[in-house]
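Visitor: data_24.cif is reproduced below (mmCIF, C-alpha atoms).
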```
data_input
loop_
_atom_site.label_atom_id
_atom_site.label_comp_id
_atom_site.auth_asym_id
_atom_site.auth_seq_id
_atom_site.Cartn_x
_atom_site.Cartn_y
_atom_site.Cartn_z
CA VAL A 81 91.04 95.15 58.58
CA ILE A 82 89.40 97.71 56.40
CA LEU A 83 90.05 100.33 59.10
CA LYS A 84 92.96 102.72 58.61
CA LYS A 85 94.52 105.13 61.11
CA ARG A 86 94.02 108.86 60.64
CA LYS A 87 94.15 112.01 62.80
CA LEU A 88 91.07 113.91 63.90
CA MET A 89 91.74 117.62 64.39
CA THR A 90 89.25 119.64 66.38
CA MET A 91 89.63 123.40 66.32
CA VAL A 92 87.46 125.90 68.13
CA ILE A 93 87.85 129.42 66.79
CA GLU A 94 86.07 132.76 67.16
CA ALA A 95 83.31 133.01 64.59
CA SER A 96 84.73 135.88 62.56
CA LEU A 97 87.81 133.81 61.71
CA ALA A 98 86.04 130.54 60.91
CA HIS A 99 85.73 131.12 57.20
CA ARG A 100 89.39 131.99 56.83
CA LEU A 101 90.49 128.89 58.76
CA GLU A 102 88.23 126.61 56.71
CA GLU A 103 89.85 127.88 53.54
CA ASP A 104 93.33 127.41 54.99
CA ILE A 105 92.56 123.83 56.06
CA VAL A 106 91.49 122.88 52.57
CA GLU A 107 94.55 124.63 51.15
CA CYS A 108 96.77 122.50 53.42
CA GLY A 109 95.31 119.38 51.83
CA ALA A 110 92.31 118.38 53.96
CA LYS A 111 89.65 116.84 51.77
CA GLY A 112 86.77 118.09 53.87
CA PHE A 113 85.67 119.45 57.23
CA THR A 114 82.63 119.80 59.47
CA SER A 115 81.73 123.09 61.16
CA SER A 116 79.25 123.72 63.90
CA ILE A 117 78.40 126.62 66.18
CA ALA A 118 79.90 126.26 69.65
CA HIS A 119 79.59 128.07 72.94
CA GLY A 120 82.22 128.23 75.63
CA THR A 121 85.17 130.06 77.03
CA GLY A 122 88.94 129.78 77.00
CA PRO A 123 91.87 131.16 78.99
CA ARG A 124 92.02 134.40 77.00
CA ASN A 125 88.31 134.82 76.24
CA GLN A 126 88.75 137.79 73.97
CA ARG A 127 86.87 137.90 70.71
CA SER A 128 85.16 140.41 68.50
CA SER A 129 82.01 138.48 67.71
CA ASP A 130 80.01 138.81 70.87
CA ILE A 131 76.91 139.53 68.90
CA GLU A 132 77.28 137.42 65.82
CA GLY A 133 77.60 134.03 67.53
CA GLY A 134 80.60 133.15 69.69
CA ASN A 135 82.67 130.28 68.36
CA VAL A 136 82.77 127.74 65.58
CA ARG A 137 84.06 124.19 66.04
CA ILE A 138 85.80 122.89 62.94
CA GLU A 139 86.61 119.18 62.68
CA THR A 140 88.62 117.49 60.01
CA VAL A 141 90.08 114.00 59.59
CA VAL A 142 93.48 114.07 57.89
CA SER A 143 96.74 112.20 57.33
CA GLU A 144 99.85 112.85 59.47
CA GLU A 145 101.34 114.87 56.67
CA VAL A 146 98.37 117.22 56.31
CA LEU A 147 98.12 117.45 60.10
CA GLU A 148 101.66 118.83 60.26
CA LYS A 149 100.87 121.43 57.61
CA ILE A 150 97.73 122.63 59.37
CA LEU A 151 99.50 122.79 62.74
CA GLU A 152 102.25 124.86 61.18
CA LYS A 153 99.65 127.23 59.70
CA LEU A 154 97.95 127.57 63.09
CA LYS A 155 101.27 128.23 64.77
CA THR A 156 102.24 131.10 62.49
CA ASP A 157 98.93 132.71 61.51
CA TYR A 158 96.42 131.98 64.26
CA PHE A 159 97.75 131.15 67.73
CA PRO A 160 99.57 134.47 68.30
CA LEU A 161 96.64 136.63 67.20
CA TYR A 162 93.28 135.00 67.68
CA ALA A 163 91.11 133.08 70.12
CA VAL A 164 91.60 129.50 68.96
CA SER A 165 91.95 126.07 70.57
CA CYS A 166 93.10 122.91 68.84
CA TRP A 167 93.45 119.28 69.85
CA VAL A 168 94.25 116.12 67.94
CA SER A 169 93.05 112.55 68.44
CA ASP A 170 93.68 109.19 66.79
CA VAL A 171 90.78 107.80 64.83
CA GLU A 172 90.18 104.93 62.46
CA VAL A 173 88.32 105.36 59.22
CA VAL A 174 86.81 103.27 56.50
CA ARG A 175 87.29 104.30 52.86
CA GLU A 176 90.66 105.89 53.65
CA GLN A 177 90.96 107.53 50.23
CA ARG A 178 88.37 110.03 51.42
CA TYR A 179 90.61 111.44 54.17
CA VAL B 149 59.43 170.82 72.93
CA ASP B 150 61.79 171.59 75.80
CA GLY B 151 64.92 169.60 76.50
CA LEU B 152 63.83 167.73 79.60
CA GLN B 153 60.59 166.66 77.96
CA LEU B 154 62.57 165.40 74.96
CA ALA B 155 64.89 163.36 77.14
CA LEU B 156 61.96 161.85 79.02
CA THR B 157 60.06 160.95 75.85
CA ASN B 158 63.15 159.15 74.62
CA LEU B 159 63.91 157.34 77.87
CA THR B 160 60.39 155.96 78.21
CA SER B 161 60.09 154.69 74.62
CA PRO B 162 59.60 150.90 74.39
CA PRO B 163 62.94 150.20 72.60
CA VAL B 164 65.01 152.12 75.17
CA LEU B 165 63.17 150.49 78.06
CA ALA B 166 63.72 147.05 76.51
CA PHE B 167 67.44 147.85 76.32
CA ALA B 168 67.40 148.66 80.04
CA LEU B 169 65.57 145.38 80.68
CA GLY B 170 68.32 143.54 78.81
CA LEU B 171 70.97 145.25 80.94
CA LEU B 172 69.05 144.22 84.03
CA ALA B 173 68.82 140.62 82.84
CA THR B 174 72.62 140.46 82.59
CA ALA B 175 73.12 142.18 85.92
CA LEU B 176 70.82 139.64 87.61
CA ARG B 177 72.34 136.74 85.66
CA SER B 178 68.97 135.78 84.29
CA ASP B 179 68.94 132.79 81.92
CA LEU B 180 67.11 134.91 79.34
CA LYS B 181 68.60 134.58 75.87
CA LEU B 182 67.33 135.35 72.41
CA PRO B 183 68.04 132.27 70.26
CA ASP B 184 70.77 132.89 67.65
CA ALA B 185 68.40 132.19 64.78
CA VAL B 186 65.84 134.71 66.08
CA TYR B 187 68.54 137.33 66.54
CA GLN B 188 69.74 136.73 62.97
CA ALA B 189 66.20 136.98 61.59
CA LEU B 190 65.53 140.23 63.45
CA SER B 191 68.74 141.82 62.22
CA ILE B 192 67.99 140.79 58.62
CA TYR B 193 64.51 142.31 58.98
CA LEU B 194 65.89 145.61 60.29
CA LEU B 195 68.68 145.91 57.71
CA LEU B 196 66.49 145.01 54.75
CA GLY B 197 63.59 147.15 55.99
CA ILE B 198 65.79 150.22 56.43
CA GLY B 199 67.33 149.66 53.00
CA ILE B 200 64.00 149.24 51.22
CA LYS B 201 62.50 152.36 52.81
CA GLY B 202 65.58 154.33 51.81
CA GLY B 203 65.31 153.05 48.25
CA VAL B 204 61.60 153.91 47.98
CA ALA B 205 62.31 157.44 49.24
CA LEU B 206 65.22 157.72 46.83
CA SER B 207 62.95 156.86 43.89
CA GLU B 208 60.73 159.78 44.86
CA SER B 209 63.47 162.35 45.44
CA SER B 210 64.93 164.60 42.80
CA PHE B 211 68.63 164.58 42.03
CA GLU B 212 68.96 168.19 43.27
CA GLN B 213 67.44 167.24 46.62
CA ILE B 214 69.79 164.41 47.40
CA ILE B 215 73.11 165.33 45.81
CA GLY B 216 74.01 167.83 48.56
CA PRO B 217 73.26 165.51 51.51
CA LEU B 218 74.92 162.63 49.65
CA LEU B 219 78.21 164.49 49.10
CA GLY B 220 78.04 165.91 52.61
CA THR B 221 77.66 162.40 54.02
CA LEU B 222 80.63 161.16 52.01
CA ALA B 223 82.68 164.02 53.44
CA LEU B 224 81.56 163.03 56.95
CA GLY B 225 82.63 159.47 56.19
CA ILE B 226 86.17 160.73 55.62
CA VAL B 227 86.44 163.49 58.22
CA ILE B 228 85.00 161.59 61.21
CA PRO B 229 87.41 158.62 61.28
CA VAL B 230 90.42 160.90 60.68
CA ALA B 231 89.29 163.21 63.50
CA ALA B 232 88.75 160.22 65.80
CA PHE B 233 92.20 158.85 65.02
CA TYR B 234 93.99 162.08 65.89
CA LEU B 235 91.81 163.01 68.87
CA LEU B 236 92.54 159.58 70.33
CA ARG B 237 96.19 160.53 70.76
CA PHE B 238 95.36 161.76 74.25
CA THR B 239 94.41 158.21 75.28
CA LYS B 240 98.00 156.97 74.79
CA LEU B 241 96.65 153.99 72.84
CA ASP B 242 98.87 152.53 70.11
CA VAL B 243 98.26 153.15 66.42
CA ALA B 244 96.50 149.82 65.81
CA ASN B 245 93.95 150.43 68.54
CA ARG B 246 93.41 154.04 67.49
CA GLY B 247 92.85 152.90 63.90
CA ALA B 248 90.42 150.24 65.08
CA LEU B 249 88.47 152.81 67.11
CA ALA B 250 88.50 155.22 64.14
CA ALA B 251 86.99 152.45 62.00
CA HIS B 252 84.21 151.87 64.54
CA TYR B 253 83.37 155.53 65.11
CA GLY B 254 83.70 156.36 61.41
CA SER B 255 81.16 153.68 60.57
CA THR B 256 77.58 153.71 61.83
CA SER B 257 75.15 151.88 64.07
CA LEU B 258 71.93 150.82 62.39
CA VAL B 259 70.15 150.38 65.70
CA THR B 260 71.11 153.80 67.09
CA PHE B 261 69.91 155.35 63.85
CA THR B 262 66.67 153.36 63.86
CA ALA B 263 65.97 154.22 67.49
CA GLY B 264 66.58 157.86 66.54
CA ILE B 265 64.09 157.69 63.67
CA VAL B 266 61.50 156.05 65.95
CA PHE B 267 62.11 158.83 68.48
CA LEU B 268 61.75 161.62 65.90
CA GLU B 269 58.60 160.04 64.49
CA SER B 270 57.11 159.71 67.96
CA LEU B 271 57.33 163.52 68.14
CA SER B 272 55.52 163.71 64.78
CA LEU B 273 58.61 165.17 63.12
CA GLN B 274 59.04 164.49 59.41
CA VAL B 275 62.36 162.92 58.42
CA GLU B 276 63.36 162.71 54.77
CA GLY B 277 63.09 159.03 53.81
CA TYR B 278 66.34 159.12 51.85
CA VAL B 279 68.29 159.47 55.11
CA ASN B 280 68.17 155.65 55.22
CA THR B 281 70.25 155.67 52.05
CA LEU B 282 72.80 157.91 53.74
CA LEU B 283 73.21 155.18 56.37
CA ALA B 284 74.46 152.81 53.67
CA VAL B 285 76.79 155.55 52.35
CA LEU B 286 78.28 156.30 55.76
CA GLU B 287 78.74 152.67 56.78
CA ILE B 288 81.66 151.84 54.48
CA PRO B 289 84.35 154.59 54.20
CA GLY B 290 84.97 154.84 57.96
CA ILE B 291 86.06 151.22 58.22
CA ILE B 292 88.42 151.48 55.26
CA ILE B 293 89.97 154.75 56.45
CA GLY B 294 90.37 153.43 60.00
CA LEU B 295 92.21 150.37 58.71
CA ALA B 296 94.38 152.50 56.43
CA LEU B 297 95.37 154.77 59.32
CA ALA B 298 96.22 151.75 61.46
CA ALA B 299 98.27 150.22 58.64
CA LYS B 300 100.86 152.98 59.06
CA GLY B 301 101.62 151.73 62.56
CA ILE B 302 102.06 148.02 61.98
CA THR B 303 104.88 146.23 60.24
CA ARG B 304 102.93 143.46 58.56
CA ASN B 305 100.83 144.01 55.43
CA ILE B 306 97.07 144.21 55.79
CA SER B 307 95.29 141.75 53.48
CA TRP B 308 93.19 144.36 51.71
CA GLY B 309 91.49 141.89 49.40
CA GLU B 310 90.00 139.86 52.21
CA SER B 311 89.14 142.98 54.21
CA LEU B 312 87.31 144.68 51.36
CA ARG B 313 85.42 141.49 50.57
CA GLU B 314 84.40 141.20 54.22
CA ILE B 315 83.25 144.82 54.33
CA LEU B 316 81.40 144.84 51.02
CA THR B 317 79.84 141.37 51.09
CA GLY B 318 79.20 141.25 54.84
CA LYS B 319 75.56 140.94 55.82
CA SER B 320 75.16 144.58 56.88
CA ILE B 321 76.27 146.24 53.67
CA PHE B 322 74.82 143.58 51.40
CA LEU B 323 71.32 143.87 52.90
CA LEU B 324 71.40 147.67 53.21
CA VAL B 325 72.55 148.26 49.65
CA GLY B 326 70.43 145.38 48.33
CA GLY B 327 67.43 146.84 50.13
CA VAL B 328 68.01 150.28 48.64
CA VAL B 329 68.13 148.82 45.13
CA LEU B 330 65.02 146.74 45.82
CA GLY B 331 63.12 149.71 47.21
CA PHE B 332 64.22 151.95 44.35
CA LEU B 333 62.98 149.46 41.76
CA THR B 334 59.70 148.62 43.43
CA GLY B 335 58.78 152.22 44.33
CA SER B 336 55.97 153.25 46.62
CA ALA B 337 53.38 151.21 44.73
CA GLY B 338 55.30 148.03 45.37
CA TYR B 339 56.12 149.04 48.92
CA ALA B 340 52.42 149.43 49.74
CA ARG B 341 52.15 145.64 49.59
CA ILE B 342 54.81 145.07 52.28
CA ASP B 343 54.04 148.21 54.26
CA ASP B 344 52.24 146.37 57.10
CA PHE B 345 55.20 144.07 57.59
CA PHE B 346 58.06 146.57 57.34
CA THR B 347 56.43 149.66 58.85
CA GLY B 348 53.71 148.37 61.17
CA LEU B 349 55.89 145.81 62.94
CA PHE B 350 59.08 147.85 62.85
CA THR B 351 59.12 149.40 66.32
CA GLY B 352 58.12 146.06 67.86
CA VAL B 353 60.98 144.21 66.19
CA LEU B 354 63.38 146.97 67.20
CA THR B 355 62.19 146.54 70.79
CA LEU B 356 62.97 142.80 70.75
CA PHE B 357 66.33 143.47 69.13
CA LEU B 358 67.26 146.01 71.79
CA LEU B 359 66.41 143.52 74.52
CA GLU B 360 69.14 141.26 73.15
CA LEU B 361 71.55 144.17 72.62
CA GLY B 362 70.98 145.20 76.25
CA MET B 363 72.17 141.77 77.35
CA VAL B 364 75.23 141.87 75.09
CA ALA B 365 76.10 145.41 76.16
CA GLY B 366 75.63 144.39 79.79
CA ARG B 367 78.36 141.79 79.42
CA ARG B 368 80.63 144.46 77.93
CA ILE B 369 79.97 146.92 80.73
CA LYS B 370 81.62 144.47 83.12
CA ASP B 371 84.82 144.83 81.06
CA LEU B 372 84.77 148.60 81.25
CA LYS B 373 87.06 148.72 84.25
CA GLN B 374 89.91 147.78 81.92
CA VAL B 375 89.39 150.58 79.41
CA GLY B 376 90.16 153.56 81.56
CA VAL B 377 88.84 157.07 82.03
CA SER B 378 90.27 158.50 78.80
CA LEU B 379 88.34 156.05 76.64
CA PHE B 380 85.18 156.76 78.60
CA ILE B 381 85.63 160.47 77.91
CA PHE B 382 86.17 159.75 74.23
CA GLY B 383 83.18 157.40 74.02
CA THR B 384 80.80 159.99 75.42
CA SER B 385 82.19 163.21 73.92
CA PHE B 386 83.12 162.11 70.41
CA PRO B 387 79.51 161.15 69.51
CA ILE B 388 78.47 164.71 70.36
CA ILE B 389 81.32 166.23 68.30
CA ALA B 390 80.81 163.97 65.26
CA GLY B 391 77.04 164.15 65.65
CA SER B 392 76.97 167.95 65.76
CA LEU B 393 79.12 167.98 62.64
CA GLY B 394 76.53 165.70 61.02
CA VAL B 395 73.67 168.02 62.01
CA LEU B 396 75.61 170.96 60.59
CA VAL B 397 76.17 169.16 57.28
CA GLY B 398 72.46 168.33 57.16
CA GLN B 399 71.45 171.93 57.72
CA LEU B 400 73.99 173.28 55.23
CA THR B 401 72.87 170.88 52.49
CA GLY B 402 69.24 171.85 52.80
CA MET B 403 67.83 169.04 54.90
CA SER B 404 64.92 169.63 57.28
CA MET B 405 65.38 170.17 61.00
CA ALA B 406 64.45 166.55 61.84
CA GLY B 407 66.38 165.20 58.85
CA SER B 408 69.51 167.03 60.01
CA ALA B 409 69.03 165.59 63.51
CA ALA B 410 68.79 162.11 61.95
CA LEU B 411 72.03 162.67 60.03
CA GLY B 412 73.61 163.84 63.29
CA ILE B 413 72.48 160.69 65.08
CA LEU B 414 73.95 158.67 62.22
CA ALA B 415 77.27 160.55 62.27
CA GLY B 416 77.58 160.28 66.04
CA SER B 417 76.91 156.54 66.18
CA ALA B 418 79.60 153.86 66.35
CA SER B 419 79.48 150.49 64.61
CA TYR B 420 79.51 147.25 66.58
CA ILE B 421 78.55 144.67 63.96
CA ALA B 422 80.16 145.42 60.59
CA ALA B 423 83.29 147.15 61.89
CA PRO B 424 84.34 144.57 64.53
CA ALA B 425 84.13 141.72 62.04
CA ALA B 426 86.27 143.55 59.48
CA VAL B 427 88.73 144.93 62.03
CA ARG B 428 89.22 141.54 63.69
CA LEU B 429 90.26 139.97 60.40
CA ALA B 430 92.49 142.76 59.18
CA LEU B 431 93.86 144.11 62.43
CA PRO B 432 94.29 141.39 65.06
CA GLU B 433 96.78 143.59 66.96
CA ALA B 434 93.91 145.80 68.10
CA SER B 435 92.06 144.59 71.14
CA PRO B 436 88.32 143.82 70.95
CA GLY B 437 88.31 144.52 74.67
CA ILE B 438 88.97 148.15 73.74
CA TYR B 439 87.01 148.78 70.54
CA LEU B 440 83.93 146.70 71.33
CA SER B 441 83.76 147.89 74.91
CA ALA B 442 83.94 151.49 73.71
CA SER B 443 81.40 151.26 70.89
CA LEU B 444 78.96 148.81 72.48
CA GLY B 445 79.56 149.32 76.19
CA ILE B 446 79.93 153.11 76.30
CA THR B 447 78.83 154.89 73.14
CA PHE B 448 75.78 152.83 72.23
CA PRO B 449 73.99 153.23 75.60
CA PHE B 450 75.10 156.87 75.70
CA ASN B 451 73.62 157.62 72.28
CA LEU B 452 70.46 155.69 72.97
CA THR B 453 69.70 157.64 76.13
CA ILE B 454 71.41 161.03 75.71
CA GLY B 455 72.90 161.40 72.24
CA ILE B 456 69.63 161.07 70.32
CA PRO B 457 67.69 163.87 72.06
CA VAL B 458 70.84 166.02 72.14
CA MET B 459 71.12 165.80 68.34
CA LEU B 460 67.54 167.01 68.02
CA ALA B 461 68.32 169.88 70.39
CA VAL B 462 71.44 170.80 68.38
CA SER B 463 69.40 170.78 65.18
CA GLN B 464 66.68 172.96 66.75
CA PHE B 465 69.37 175.35 67.95
CA LEU B 466 71.06 175.60 64.53
CA GLU B 467 67.68 176.08 62.87
CA GLY B 468 66.96 178.82 65.41
CA VAL B 469 70.13 180.79 64.62
CA GLY B 470 69.09 180.77 60.98
CA LEU B 471 71.27 178.22 59.28
#
```
Give the structure from the file, written as structure tokens.

Guide:
Amino acid sequence: VILKKRKLMTMVIEASLAHRLEEDIVECGAKGFTSSIAHGTGPRNQRSSDIEGGNVRIETVVSEEVLEKILEKLKTDYFPLYAVSCWVSDVEVVREQRY
Amino acid sequence: VDGLQLALTNLTSPPVLAFALGLLATALRSDLKLPDAVYQALSIYLLLGIGIKGGVALSESSFEQIIGPLLGTLALGIVIPVAAFYLLRFTKLDVANRGALAAHYGSTSLVTFTAGIVFLESLSLQVEGYVNTLLAVLEIPGIIIGLALAAKGITRNISWGESLREILTGKSIFLLVGGVVLGFLTGSAGYARIDDFFTGLFTGVLTLFLLELGMVAGRRIKDLKQVGVSLFIFGTSFPIIAGSLGVLVGQLTGMSMAGSAALGILAGSASYIAAPAAVRLALPEASPGIYLSASLGITFPFNLTIGIPVMLAVSQFLEGVGL
């Protein structure tokens, strides 16, 4: 019973915005994140970074409270303006103080 | 050299043909793709190489030689985006999109410029080496002025801090300016040691790079149906207007015939790497479907095939009338 419940957020965002979103995630209270280059398409498929690599997938494991903050941030600053997808899943972690 | 011959020399150069091959690859849905890491390495090579050569040439030029072209280029950096912004009124685009386009056309395209230099050198024309430095000078103000013009039309505040950081520390500017400093410090003696790498291989690397750009531009050309006739007219006529202005500035500030043509090619080119990144962050209201399609889908292929030899012809003409 060392496992604790947390939320895994996965966000896929156009590459030119990745750095800004990473900073915002940390500001909302996430203690870390993992970013990797991703290829794909979405319903809008409109981005400015055709040349400099398409998308970045950012993953972060957070508490419910931080999750709400990040979702709020996405809702106001990202969803209306940029190509970004986000989904949330339940995960279990060890060493819960790290997340 | 007569005009038709010029155009043919340009069209059959390896970089331009590679660009056409890239377009073909997209049209045929070939699985050809330059790996991201290779693309990044090639672009770093081109940016740094251009910067270093500019810096070396700068270290060998006198202050009197370069101050005129330098001030002239700064003036172009202000006049071109403002002219683009107001000329674009006829397209009925909103202020944000006109500002975004002004930022792209006010800034420059390294690859267009480089292809132009390769073209001029293939005709054995001497271009002042410090023109590479002018590229770095012309890259920045257009983006800032375009954003400032767009800011008048939107209600929200533009985050200038983040935008300026993106523009100034972005890869393009950092490597160009860093290269100029490096070249200036090392001088021609130091450059001799990297000459084989940065001069000998240069046209070959440019050829590979244009293959990839052909594929990217090919994907944009499919989107062109959305942009409309007015943007097509702008994308093919504005490079000639801005470019001719650049040639004129070159001639008036004492540059050679080929050097003035190079400045014209620079002034007529539109950015599609530095400007889109900065504009996307600062101006999300503007549509990449408009500004990228225009700069990469229309103006870049136009300049590569027609704009470059036309600038040389304009410079020859101005030289002929005794400017």

Visitor: Which residue gives the smallest distance to Val92 (chain A) among A:Lys153, A:His119, A:Arg137, A:Lys111, with only C-alpha atoms counted?

Guide: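 Of the candidates, the smallest distance to Val92 (chain A) is held by A:Arg137.
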
Visitor: Name the residues that the PyMOL selection byres ((chain B) within 6 of (chain A)) pulls out of this structure, and write them as a list in words.

Guide: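 Output of the PyMOL selection byres ((chain B) within 6 of (chain A)): Pro424, Ala425, Pro432 and Pro436 of chain B.
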
Visitor: Could you pull the residues within 10 Å of Leu101 (chain A), counting all atoms listed in the file, minus those fewer than 6 positions along the same chain, as a list in words?

Guide: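 Answer for this query is Met91, Ile93, Glu107, Ile138, Ile150, Lys153, Leu154, Asp157 and Tyr158 of chain A.
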
Visitor: Considering all atoms listed in the file, state which residue in the set A:Val174, A:Ala118, A:Val164, A:Leu88 is at the smallest distance from Leu147 (chain A).

Guide: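 Once distances to Leu147 (chain A) are computed over all atoms listed in the file, the minimum belongs to A:Leu88.
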
Visitor: Go through A:Ala98, A:Ile82, A:Cys108, A:Val136 and flag the residue nearest Arg175 (chain A), using only C-alpha atoms for the distances.

Guide: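 Ranking A:Ala98, A:Ile82, A:Cys108, A:Val136 by distance to Arg175 (chain A), first place goes to A:Ile82.
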
Visitor: To one decimal place in Å, what is the distance between CA of Glu172 (chain A) and CA of Val141 (chain A)?

Guide: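 It comes out at 9.5 Å.
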
Visitor: Please measure the separation of CA of Leu195 (chain B) and CA of Ala250 (chain B), giving the value in Å to one decimal.

Guide: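 We find that CA of Leu195 (chain B) and CA of Ala250 (chain B) lie 22.8 Å from each other.
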
Visitor: Find the residues near Pro163 (chain B): any atom within 7 Å, counting all atoms listed in the file, skip ones fewer than 2 places away on the same chain, and give them as a PyMOL selection string.

Guide: chain B and resi 161+165-167+354-355+358

Visitor: Only C-alpha atoms, please: the residues just picked out, written as a PDB file, in the frame of the given file.

Guide:
```pdb
ATOM      1  CA  SER B 161      60.090 154.690  74.620  1.00  0.00           C
ATOM      2  CA  LEU B 165      63.170 150.490  78.060  1.00  0.00           C
ATOM      3  CA  ALA B 166      63.720 147.050  76.510  1.00  0.00           C
ATOM      4  CA  PHE B 167      67.440 147.850  76.320  1.00  0.00           C
ATOM      5  CA  LEU B 354      63.380 146.970  67.200  1.00  0.00           C
ATOM      6  CA  THR B 355      62.190 146.540  70.790  1.00  0.00           C
ATOM      7  CA  LEU B 358      67.260 146.010  71.790  1.00  0.00           C
TER       8      LEU B 358
END
```

Visitor: Can I get region 167-179 of chain A with N, CA, C and O atoms filled in, as a short mmCIF file (atom, residue, chain, number, x, y, z; two decimals), in the frame of the given file?

Guide:
```cif
data_model
loop_
_atom_site.label_atom_id
_atom_site.label_comp_id
_atom_site.auth_asym_id
_atom_site.auth_seq_id
_atom_site.Cartn_x
_atom_site.Cartn_y
_atom_site.Cartn_z
N TRP A 167 92.94 120.53 69.32
CA TRP A 167 93.45 119.28 69.85
C TRP A 167 93.32 118.20 68.80
O TRP A 167 92.55 118.32 67.85
N VAL A 168 94.13 117.14 68.97
CA VAL A 168 94.25 116.12 67.94
C VAL A 168 94.01 114.75 68.58
O VAL A 168 94.51 114.49 69.67
N SER A 169 93.24 113.90 67.91
CA SER A 169 93.05 112.55 68.44
C SER A 169 93.23 111.52 67.33
O SER A 169 93.11 111.83 66.14
N ASP A 170 93.53 110.28 67.76
CA ASP A 170 93.68 109.19 66.79
C ASP A 170 92.31 108.61 66.49
O ASP A 170 91.53 108.35 67.40
N VAL A 171 92.05 108.42 65.22
CA VAL A 171 90.78 107.80 64.83
C VAL A 171 91.05 106.75 63.76
O VAL A 171 92.13 106.70 63.17
N GLU A 172 90.07 105.90 63.54
CA GLU A 172 90.18 104.93 62.46
C GLU A 172 89.03 105.17 61.49
O GLU A 172 87.91 105.45 61.91
N VAL A 173 89.34 105.06 60.23
CA VAL A 173 88.32 105.36 59.22
C VAL A 173 88.16 104.20 58.25
O VAL A 173 89.08 103.40 58.06
N VAL A 174 86.99 104.13 57.67
CA VAL A 174 86.81 103.27 56.50
C VAL A 174 86.88 104.14 55.26
O VAL A 174 86.70 105.35 55.34
N ARG A 175 87.15 103.56 54.13
CA ARG A 175 87.29 104.30 52.86
C ARG A 175 88.37 105.38 53.02
O ARG A 175 88.09 106.57 52.91
N GLU A 176 89.62 104.94 53.27
CA GLU A 176 90.66 105.89 53.65
C GLU A 176 90.99 106.88 52.54
O GLU A 176 91.55 107.95 52.80
N GLN A 177 90.64 106.58 51.30
CA GLN A 177 90.96 107.53 50.23
C GLN A 177 90.18 108.84 50.38
O GLN A 177 90.49 109.84 49.76
N ARG A 178 89.16 108.81 51.24
CA ARG A 178 88.37 110.03 51.42
C ARG A 178 89.01 111.00 52.41
O ARG A 178 88.54 112.13 52.57
N TYR A 179 90.08 110.56 53.12
CA TYR A 179 90.61 111.44 54.17
C TYR A 179 92.08 111.78 53.98
O TYR A 179 92.83 111.00 53.50
#
```
